[in-house]
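**Q** Below is one structure. I have some questions about it.
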Amino acid sequence: MERTWWKKASFIAASTLMLVVLIKMNGDITSFMQHVKEQDAVYTFVQVNRSESEKAELLMQIKEEAEKLKVEPINARIDRVFKAIPGYNGLEVDIDATYELNVNAVRGAELRFIYREVEPAVQLVDLGSHPIYKGNPEKKAVALMINVAWGNEYLDSILNTLKTEDVKATFFFDGSWLNKNKDLALRIQNEGHEMSNHAYTHPDMANLSRAEQQQQIVKTEQLLKEMNANNQWFAPPSGSFNATTVQVAREQGLLTVLWTIDTIDWRNPSSEQVMARIKSQLEPGAMILMHPTTATEKTLPIMIQYIKEHGYIPGTVSHTLSSERLHDSVEGVDIF
């Protein structure tokens with residue numbers, strides 16, 4: 001470890017003085033040893049004058065390790081059952097940044113790596129007009145989807161729960177509801193939730209003409225744009241859609257999303273019944289369908305806690321369906 005003699009002397013003198021003080025006070029040598037450990041860590045990264053050959057050797061070592069540590073991205077794909085499945089970013093070592101991080105470290109210190117994400121060559125938007133039922137199975141994220149066409153009396157409690165749990169959800173608005181409840185919708189937006197399209201009059205989209213389907217989507221999308229909502233999703237009411245629905249939505253810049261888990265909260269099930277469905281079907285990339293009902297109001301806190309306890313990240317549809325990685329918790333690794 002390359003320290004000058006005076007740094008060593010200062011460190012020893014200061015530490016000895018602290019030891020005397022601590023022992024006089026309460027004989028607590030444990031605190032002293034912790035202090036020594038913390039101070040010693042300061043010297044892990046000090047200025048080291050490496051020779052050019054040592055620098056070249058370090059760079060070669062980083063490059064060799066980078067090949068071993070590389071995680072390939074996963075392309076978005078079409079599944080026979082679940083249709084469009086989003087991709088998932090890979091990881092690669094940022095060699096230049098990693099070199100700069102380690103070049104001044106003491107010789108023999110463990111290498112630290114800085115990573116960067118690598119996007120897949122095929123993204124969700126590249127797959128064409130296909131419905132989406134779930135996220136990538138490698139990403140332990142879960143989307144909370146709340147379709148709103150009625151149920152104002154439960155929204156305050158639901159929003160309070162989301163705020164308490166520090167979780168954002170995606171609210172799919174029926175356009176006629178949105179037109180009448182802009183103040184409430186503004187509160188939802190201001191609290192950081194995602195605002196998306198649920199047609200205008202909650203119709204059976206599969207039984208509408210192309211022009212009628214377009215009108216349903218466009219009218220609601222116009223209201224969202226007036227609120228400066230940057231929407232990219234369409235959820236067909238009652239899950240009724242056909243190929244035309246998906247194509248019309250895509251023409252408006254929207255991807256059609258369904259769900260993985262239906263809480264069937266409109267049937268007024270008990271919290272135990274809702275949770276039984278969650279527990280039996282929860283998986284990475286799951287999309288959970290809800291409405292502002294008494295069942296959701298009562299179950300949402302339990303649901304979110306269960307999701308978190310099992311290592312999943314609850315959030316919006318955009319978060320779940322994006323190819324961005326969740327934060328990797330690898331010791332000695334920084335990801336940008």
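Each chain of the structure tokens is named A, B, ... in the order shown, its residues numbered from 1; ligands are numbered from 1 in display order.
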Tell me which protein, DNA and RNA residues are within 9 Å of Arg50 of chain A, counting only C-alpha atoms, leaving out same-chain ones fewer than 5 positions away, and put them as a VMD selection string.
**A** chain A and resid 55 103 to 104 107
**Q** Take the residues from that selection and put them in a file with N, CA and C atoms, as a tab-separated table (two decimals), in the first residue's frame.
**A**
```tsv
chain	number	residue	atom	x	y	z
A	55	LYS	N	0.02	-0.40	-16.41
A	55	LYS	CA	-1.25	0.11	-16.92
A	55	LYS	C	-1.77	-0.77	-18.05
A	103	VAL	N	-7.37	2.44	-12.12
A	103	VAL	CA	-5.97	2.71	-12.41
A	103	VAL	C	-5.22	3.30	-11.21
A	104	ASN	N	-5.92	3.99	-10.32
A	104	ASN	CA	-5.28	4.58	-9.16
A	104	ASN	C	-5.45	3.77	-7.89
A	107	ARG	N	-2.20	-1.63	-5.73
A	107	ARG	CA	-1.92	-2.88	-6.42
A	107	ARG	C	-2.49	-4.04	-5.62
```
**Q** Identify, on the basis of only C-alpha atoms, every residue whose closest approach to Thr98 of chain A does not exceed 9 Å; exclude the query and any residue fewer than 4 positions from it along the same chain; express the result as a PyMOL selection string.
**A** chain A and resi 62+93-94+102-103+111-115
**Q** Using only N, CA and C atoms, please write the residues we just selected to a file, as a compact mmCIF listing (two decimals), in the first residue's frame.
**A**
```txt
# COMPACT_ATOMS: atom_id res chain seq x y z
N ILE A 62 -8.82 -6.07 -17.40
CA ILE A 62 -10.20 -5.58 -17.44
C ILE A 62 -10.91 -6.12 -18.68
N VAL A 93 -19.35 -4.37 -19.69
CA VAL A 93 -18.44 -3.54 -18.92
C VAL A 93 -18.03 -2.33 -19.76
N ASP A 94 -18.13 -1.17 -19.16
CA ASP A 94 -17.61 0.04 -19.78
C ASP A 94 -16.11 0.04 -19.51
N ASN A 102 -10.12 2.08 -11.70
CA ASN A 102 -9.17 1.16 -11.05
C ASN A 102 -7.70 1.55 -11.19
N VAL A 103 -7.37 2.44 -12.12
CA VAL A 103 -5.97 2.71 -12.41
C VAL A 103 -5.22 3.30 -11.21
N LEU A 111 -10.80 -5.63 -8.38
CA LEU A 111 -11.32 -4.78 -9.43
C LEU A 111 -12.78 -4.43 -9.19
N ARG A 112 -13.10 -3.18 -9.48
CA ARG A 112 -14.50 -2.77 -9.50
C ARG A 112 -14.87 -2.48 -10.96
N PHE A 113 -16.12 -2.81 -11.32
CA PHE A 113 -16.53 -2.67 -12.71
C PHE A 113 -17.68 -1.68 -12.84
N ILE A 114 -17.63 -0.90 -13.88
CA ILE A 114 -18.73 -0.02 -14.24
C ILE A 114 -19.38 -0.61 -15.49
N TYR A 115 -20.70 -0.83 -15.41
CA TYR A 115 -21.44 -1.45 -16.50
C TYR A 115 -22.27 -0.41 -17.24
```
**Q** Write out as a short mmCIF file (atom, residue, chain, number, x, y, z; two decimals) with N, CA and C atoms, in the first residue's frame which residues come within 10 Å of Leu224 of chain A when counting only C-alpha atoms, dropping same-chain ones fewer than 2 positions away.
**A**
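Result file follows (selection.cif):
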```
data_model
loop_
_atom_site.label_atom_id
_atom_site.label_comp_id
_atom_site.auth_asym_id
_atom_site.auth_seq_id
_atom_site.Cartn_x
_atom_site.Cartn_y
_atom_site.Cartn_z
N PHE A 173 -58.16 5.41 -18.65
CA PHE A 173 -59.37 6.21 -18.50
C PHE A 173 -60.36 6.00 -19.63
N GLY A 175 -62.93 7.68 -21.80
CA GLY A 175 -62.94 9.08 -22.19
C GLY A 175 -64.11 9.88 -21.64
N LEU A 178 -63.28 10.68 -18.15
CA LEU A 178 -62.22 11.67 -18.10
C LEU A 178 -62.74 13.06 -18.41
N ASN A 179 -63.67 13.16 -19.33
CA ASN A 179 -64.24 14.45 -19.72
C ASN A 179 -65.01 15.09 -18.57
N ALA A 185 -58.69 13.43 -12.41
CA ALA A 185 -57.64 12.90 -13.29
C ALA A 185 -56.35 13.70 -13.12
N MET A 195 -51.08 7.82 -17.23
CA MET A 195 -52.44 8.01 -17.73
C MET A 195 -52.54 7.44 -19.13
N SER A 196 -53.50 6.52 -19.33
CA SER A 196 -53.59 5.84 -20.62
C SER A 196 -55.03 5.72 -21.10
N ASN A 197 -55.19 5.11 -22.27
CA ASN A 197 -56.43 5.14 -23.05
C ASN A 197 -57.26 3.87 -22.87
N VAL A 218 -59.42 7.79 -30.62
CA VAL A 218 -58.95 9.15 -30.91
C VAL A 218 -59.55 10.16 -29.93
N LYS A 219 -60.86 10.03 -29.62
CA LYS A 219 -61.50 11.00 -28.72
C LYS A 219 -60.85 11.00 -27.34
N THR A 220 -60.57 9.82 -26.82
CA THR A 220 -59.94 9.74 -25.51
C THR A 220 -58.49 10.20 -25.58
N GLU A 221 -57.81 9.85 -26.67
CA GLU A 221 -56.41 10.25 -26.81
C GLU A 221 -56.30 11.77 -26.88
N GLN A 222 -57.26 12.42 -27.48
CA GLN A 222 -57.24 13.88 -27.56
C GLN A 222 -57.34 14.50 -26.17
N GLU A 226 -54.55 16.84 -24.24
CA GLU A 226 -54.86 18.14 -23.66
C GLU A 226 -54.30 18.27 -22.25
N MET A 227 -54.10 17.12 -21.59
CA MET A 227 -53.51 17.11 -20.24
C MET A 227 -52.00 16.87 -20.30
N ASN A 228 -51.45 16.92 -21.51
CA ASN A 228 -50.02 16.71 -21.71
C ASN A 228 -49.55 15.35 -21.22
N ALA A 229 -50.44 14.36 -21.33
CA ALA A 229 -50.07 12.99 -20.97
C ALA A 229 -49.38 12.34 -22.17
N ASN A 230 -48.20 11.83 -21.94
CA ASN A 230 -47.43 11.18 -23.00
C ASN A 230 -47.78 9.68 -23.00
N ASN A 231 -48.91 9.36 -23.62
CA ASN A 231 -49.43 8.00 -23.55
C ASN A 231 -48.91 7.12 -24.69
#
```
**Q** Which of these residues is nearest to Val167 of chain A, using only C-alpha atoms: A:Gln252, A:Glu72, A:Ala286, A:Glu194?
**A** A:Glu194
**Q** Which parts of segment 56-138 of chain A does DSSP call alpha helix (DSSP H) when run on the backbone here, written out as a list of chain:residue names?
**A**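 Result set for segment 56-138 of chain A (alpha helix (DSSP H)): A:Ala56, A:Glu57, A:Leu58, A:Leu59, A:Met60, A:Gln61, A:Ile62, A:Lys63, A:Glu64, A:Glu65, A:Ala66, A:Glu67, A:Lys68, A:Leu69, A:Ile95, A:Asp96, A:Ala97, A:Thr98, A:Tyr99, A:Glu100, A:Leu101, A:Asn102.
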